[in-house]
Amino acid sequence: MGKIQAGIIPVTPFQQNCTILFDGESKEGVVVDPGGDVATIVQVVQENGLTLKEIWLTHGHIDHAGGADELREVLHIPVIGPHEADRPLLENLELQAKRFGVEMAVRNVVPDRWLNEGDTVSFGNHVFEIFHCPGHAPGHVIYVNREQAFAHLGDVLFNSSIGRTDLPGGDHATLLASIRDKVLPLGDEMGFICGHGPGSRIGDERRNNPFLKGL
């Protein structure tokens with residue numbers, strides 16, 4: 001097996017980082033947070049000769065999960081995650097879209113498997129640990145591969161910022177606790193992709209991110 005490769009497809013009016021993670025040799029992989037623009041995602045998968053095994057969700061907001069049910073139907077693969085605390089969000093994705101007033105194809109979705117702290121998921125021989133990191137959303141999870149010092153943090157931590165906490169189910173103190181207790185201990189060398197914008201390394205955020213001062 002080869003190393004983990006990542007391709008990012010900005011989707012939806014929110015420019016969310018739909019991420020395809022795959023093995024560089026076998027081309028087996030997963031798609032993380034297919035928020036929408038499913039036809040574009042499928043086209044990228046086919047053009048690059050990838051075989052997707054699963055759909056992984058970090059949390060239940062429309063820009064991350066709005067296209068998951070459609071993609072599951074098209075590719076005949078299961079939806080995995082997030083934590084079941086996000087069930088109310090996922091069962092009301094269509095209502096979320098109306099509230100935000102966005103013109104995008106959105107379907108409610110119930111995952112084939114919920115994830116809990118300490119679970120693992122994988123593709124190829126790449127194993128990812130699951131950490132439950134609420135605060136941006138109640139059921140938010142992150143995916144961590146220690147062997148290659150790589151994580152997908154969704155909307156928990158960004159390059160120079162953190163996730164919003166003004167949406168339903170958000171809580172600022174809870175998010176900071178998740179970052180302090182779950183993310184920062186992963187180590188300064190851990191690189192990450194996030195839900196919006198460029199990725200970073202945890203050490204760089206520990207030193208430079210203004211939202212992390214005092215953690």
# chains A, B, ... in the order shown; residues from 1 in each chain; ligands from 1
call {"tool": "closest_atom_pairs", "arguments": {"of": "range 45-69 of chain A", "to": "range 136-148 of chain A", "cutoff": "10 Å", "atoms": "only C-alpha atoms", "output": "CSV"}}
result
residue,atom,partner,partner_atom,distance
A:Trp56,CA,A:Tyr143,CA,9.1
A:Leu57,CA,A:Val141,CA,8.0
A:Thr58,CA,A:Val141,CA,5.1
A:His59,CA,A:His140,CA,4.6
A:Gly60,CA,A:Ala137,CA,7.4
A:His61,CA,A:Ala137,CA,8.0
call {"tool": "write_last_selection", "arguments": {"atoms": "C-alpha atoms", "output": "PDB file, in the first residue's frame"}}
result
ATOM      1  CA  TRP A  56     -17.330   9.783   6.024  1.00  0.00           C
ATOM      2  CA  LEU A  57     -19.138  12.699   7.687  1.00  0.00           C
ATOM      3  CA  THR A  58     -17.586  14.996  10.276  1.00  0.00           C
ATOM      4  CA  HIS A  59     -20.907  16.590  11.271  1.00  0.00           C
ATOM      5  CA  GLY A  60     -24.452  17.337  10.233  1.00  0.00           C
ATOM      6  CA  HIS A  61     -24.443  20.804   8.644  1.00  0.00           C
TER       7      HIS A  61
END
call {"tool": "residues_around", "arguments": {"residues": "Gly214 in chain A", "least_positions_apart": "4", "cutoff": "10 Å", "atoms": "only C-alpha atoms", "output": "mmCIF file with N, CA and C atoms, in the first residue's frame"}}
result
data_model
loop_
_atom_site.group_PDB
_atom_site.id
_atom_site.type_symbol
_atom_site.label_atom_id
_atom_site.label_comp_id
_atom_site.auth_asym_id
_atom_site.auth_seq_id
_atom_site.Cartn_x
_atom_site.Cartn_y
_atom_site.Cartn_z
ATOM 1 N N ARG A 180 -8.692 21.786 23.157
ATOM 2 C CA ARG A 180 -7.685 21.644 24.212
ATOM 3 C C ARG A 180 -7.455 20.179 24.579
ATOM 4 N N ARG A 206 -1.123 26.091 17.419
ATOM 5 C CA ARG A 206 -0.860 26.293 18.839
ATOM 6 C C ARG A 206 -0.084 27.595 19.063
ATOM 7 N N PRO A 210 -4.954 32.977 17.069
ATOM 8 C CA PRO A 210 -5.340 33.861 18.173
ATOM 9 C C PRO A 210 -6.447 33.290 19.049
#
call {"tool": "atom_distance", "arguments": {"atom1": "CA of Leu212 in chain A", "atom2": "CA of Ala65 in chain A"}}
result
27.3 Å
call {"tool": "residues_around", "arguments": {"residues": "Gly170 in chain A", "least_positions_apart": "3", "cutoff": "8 Å", "atoms": "only C-alpha atoms", "output": "list of chain:residue names"}}
result
A:Pro134, A:Gly135, A:His136, A:Ala137, A:Pro138, A:Arg164, A:Thr165, A:Asp166, A:Leu167, A:Leu175
call {"tool": "write_last_selection", "arguments": {"atoms": "N, CA and C atoms", "output": "PDB file, in the first residue's frame"}}
result
ATOM      1  N   PRO A 134     -17.357  17.862  20.122  1.00  0.00           N
ATOM      2  CA  PRO A 134     -18.495  18.775  20.023  1.00  0.00           C
ATOM      3  C   PRO A 134     -18.089  20.229  20.256  1.00  0.00           C
ATOM      4  N   GLY A 135     -19.023  21.116  19.940  1.00  0.00           N
ATOM      5  CA  GLY A 135     -18.806  22.545  20.133  1.00  0.00           C
ATOM      6  C   GLY A 135     -19.274  23.321  18.921  1.00  0.00           C
ATOM      7  N   HIS A 136     -18.790  22.926  17.722  1.00  0.00           N
ATOM      8  CA  HIS A 136     -19.325  23.489  16.485  1.00  0.00           C
ATOM      9  C   HIS A 136     -20.661  22.837  16.174  1.00  0.00           C
ATOM     10  N   ALA A 137     -20.714  21.539  16.365  1.00  0.00           N
ATOM     11  CA  ALA A 137     -21.955  20.763  16.264  1.00  0.00           C
ATOM     12  C   ALA A 137     -21.892  19.676  17.327  1.00  0.00           C
ATOM     13  N   PRO A 138     -23.042  19.271  17.875  1.00  0.00           N
ATOM     14  CA  PRO A 138     -23.031  18.331  19.008  1.00  0.00           C
ATOM     15  C   PRO A 138     -22.380  16.986  18.696  1.00  0.00           C
ATOM     16  N   ARG A 164     -17.390  27.973  13.874  1.00  0.00           N
ATOM     17  CA  ARG A 164     -18.447  28.841  14.387  1.00  0.00           C
ATOM     18  C   ARG A 164     -19.175  28.146  15.526  1.00  0.00           C
ATOM     19  N   THR A 165     -19.642  28.938  16.474  1.00  0.00           N
ATOM     20  CA  THR A 165     -20.429  28.377  17.571  1.00  0.00           C
ATOM     21  C   THR A 165     -21.777  29.075  17.726  1.00  0.00           C
ATOM     22  N   ASP A 166     -22.168  29.843  16.703  1.00  0.00           N
ATOM     23  CA  ASP A 166     -23.432  30.580  16.775  1.00  0.00           C
ATOM     24  C   ASP A 166     -24.569  29.868  16.038  1.00  0.00           C
ATOM     25  N   LEU A 167     -24.316  28.637  15.587  1.00  0.00           N
ATOM     26  CA  LEU A 167     -25.351  27.857  14.923  1.00  0.00           C
ATOM     27  C   LEU A 167     -26.041  26.959  15.962  1.00  0.00           C
ATOM     28  N   LEU A 175     -16.435  23.899  22.376  1.00  0.00           N
ATOM     29  CA  LEU A 175     -15.498  23.779  21.258  1.00  0.00           C
ATOM     30  C   LEU A 175     -14.054  23.962  21.732  1.00  0.00           C
TER      31      LEU A 175
END
call {"tool": "select_by_dssp", "arguments": {"residues": "range 47-165 of chain A", "states": "helix (DSSP H, G or I)", "output": "VMD selection string"}}
result
chain A and resid 47 62 to 65 68 to 75 84 to 90 93 to 100
call {"tool": "write_last_selection", "arguments": {"atoms": "C-alpha atoms", "output": "short mmCIF file (atom, residue, chain, number, x, y, z; two decimals), in the first residue's frame"}}
result
data_model
loop_
_atom_site.label_atom_id
_atom_site.label_comp_id
_atom_site.auth_asym_id
_atom_site.auth_seq_id
_atom_site.Cartn_x
_atom_site.Cartn_y
_atom_site.Cartn_z
CA GLU A 47 -11.42 10.67 -14.02
CA ILE A 62 -25.76 21.13 5.09
CA ASP A 63 -22.46 22.19 3.51
CA HIS A 64 -20.86 18.98 4.80
CA ALA A 65 -23.66 16.42 4.59
CA ALA A 68 -24.29 12.38 1.24
CA ASP A 69 -27.58 10.56 0.58
CA GLU A 70 -27.44 11.25 -3.17
CA LEU A 71 -23.80 10.13 -3.38
CA ARG A 72 -24.63 6.97 -1.40
CA GLU A 73 -27.34 6.22 -3.95
CA VAL A 74 -25.11 6.85 -6.96
CA LEU A 75 -22.03 4.96 -5.76
CA GLU A 84 -25.43 10.26 16.86
CA ALA A 85 -25.78 13.58 18.68
CA ASP A 86 -26.05 15.08 15.18
CA ARG A 87 -29.07 12.95 14.25
CA PRO A 88 -31.47 15.94 14.56
CA LEU A 89 -29.31 17.97 12.16
CA LEU A 90 -29.03 15.17 9.59
CA LEU A 93 -30.95 18.98 6.28
CA GLU A 94 -33.69 20.07 3.89
CA LEU A 95 -35.07 22.40 6.56
CA GLN A 96 -31.55 23.77 7.15
CA ALA A 97 -31.33 24.67 3.47
CA LYS A 98 -34.62 26.56 3.62
CA ARG A 99 -33.50 28.45 6.72
CA PHE A 100 -30.27 29.49 5.05
#
call {"tool": "atom_distance", "arguments": {"atom1": "CA of Ser178 in chain A", "atom2": "CA of Val121 in chain A"}}
result
20.4 Å
call {"tool": "closest_residue", "arguments": {"among": "A:His76, A:Asn17, A:Trp114, A:Lys27", "to": "Gly2 in chain A", "atoms": "only C-alpha atoms"}}
result
A:Lys27
call {"tool": "closest_residue", "arguments": {"among": "A:Gly66, A:Gly154, A:Gly49, A:Gly24", "to": "Gly36 in chain A", "atoms": "only C-alpha atoms"}}
result
A:Gly66
call {"tool": "select_by_dssp", "arguments": {"residues": "range 115-189 of chain A", "states": "strand (DSSP E or B)", "output": "VMD selection string"}}
result
chain A and resid 120 to 123 126 to 132 141 to 145 150 to 152 157 to 158 161 to 162
call {"tool": "residues_around", "arguments": {"residues": "Ile9 in chain A", "least_positions_apart": "3", "cutoff": "9 Å", "atoms": "only C-alpha atoms", "output": "PyMOL selection string"}}
result
chain A and resi 15-20+40-41+44
call {"tool": "closest_residue", "arguments": {"among": "A:Ala149, A:Ala105, A:Asn208, A:Pro13", "to": "Ile193 in chain A", "atoms": "only C-alpha atoms"}}
result
A:Ala149
call {"tool": "residues_around", "arguments": {"residues": "Phe192 in chain A", "least_positions_apart": "3", "cutoff": "9 Å", "atoms": "only C-alpha atoms", "output": "PyMOL selection string"}}
result
chain A and resi 144+149-153+158+199-202
call {"tool": "closest_residue", "arguments": {"among": "A:Met104, A:Ile8, A:Ile130, A:Cys194", "to": "Leu21 in chain A", "atoms": "only C-alpha atoms"}}
result
A:Ile8
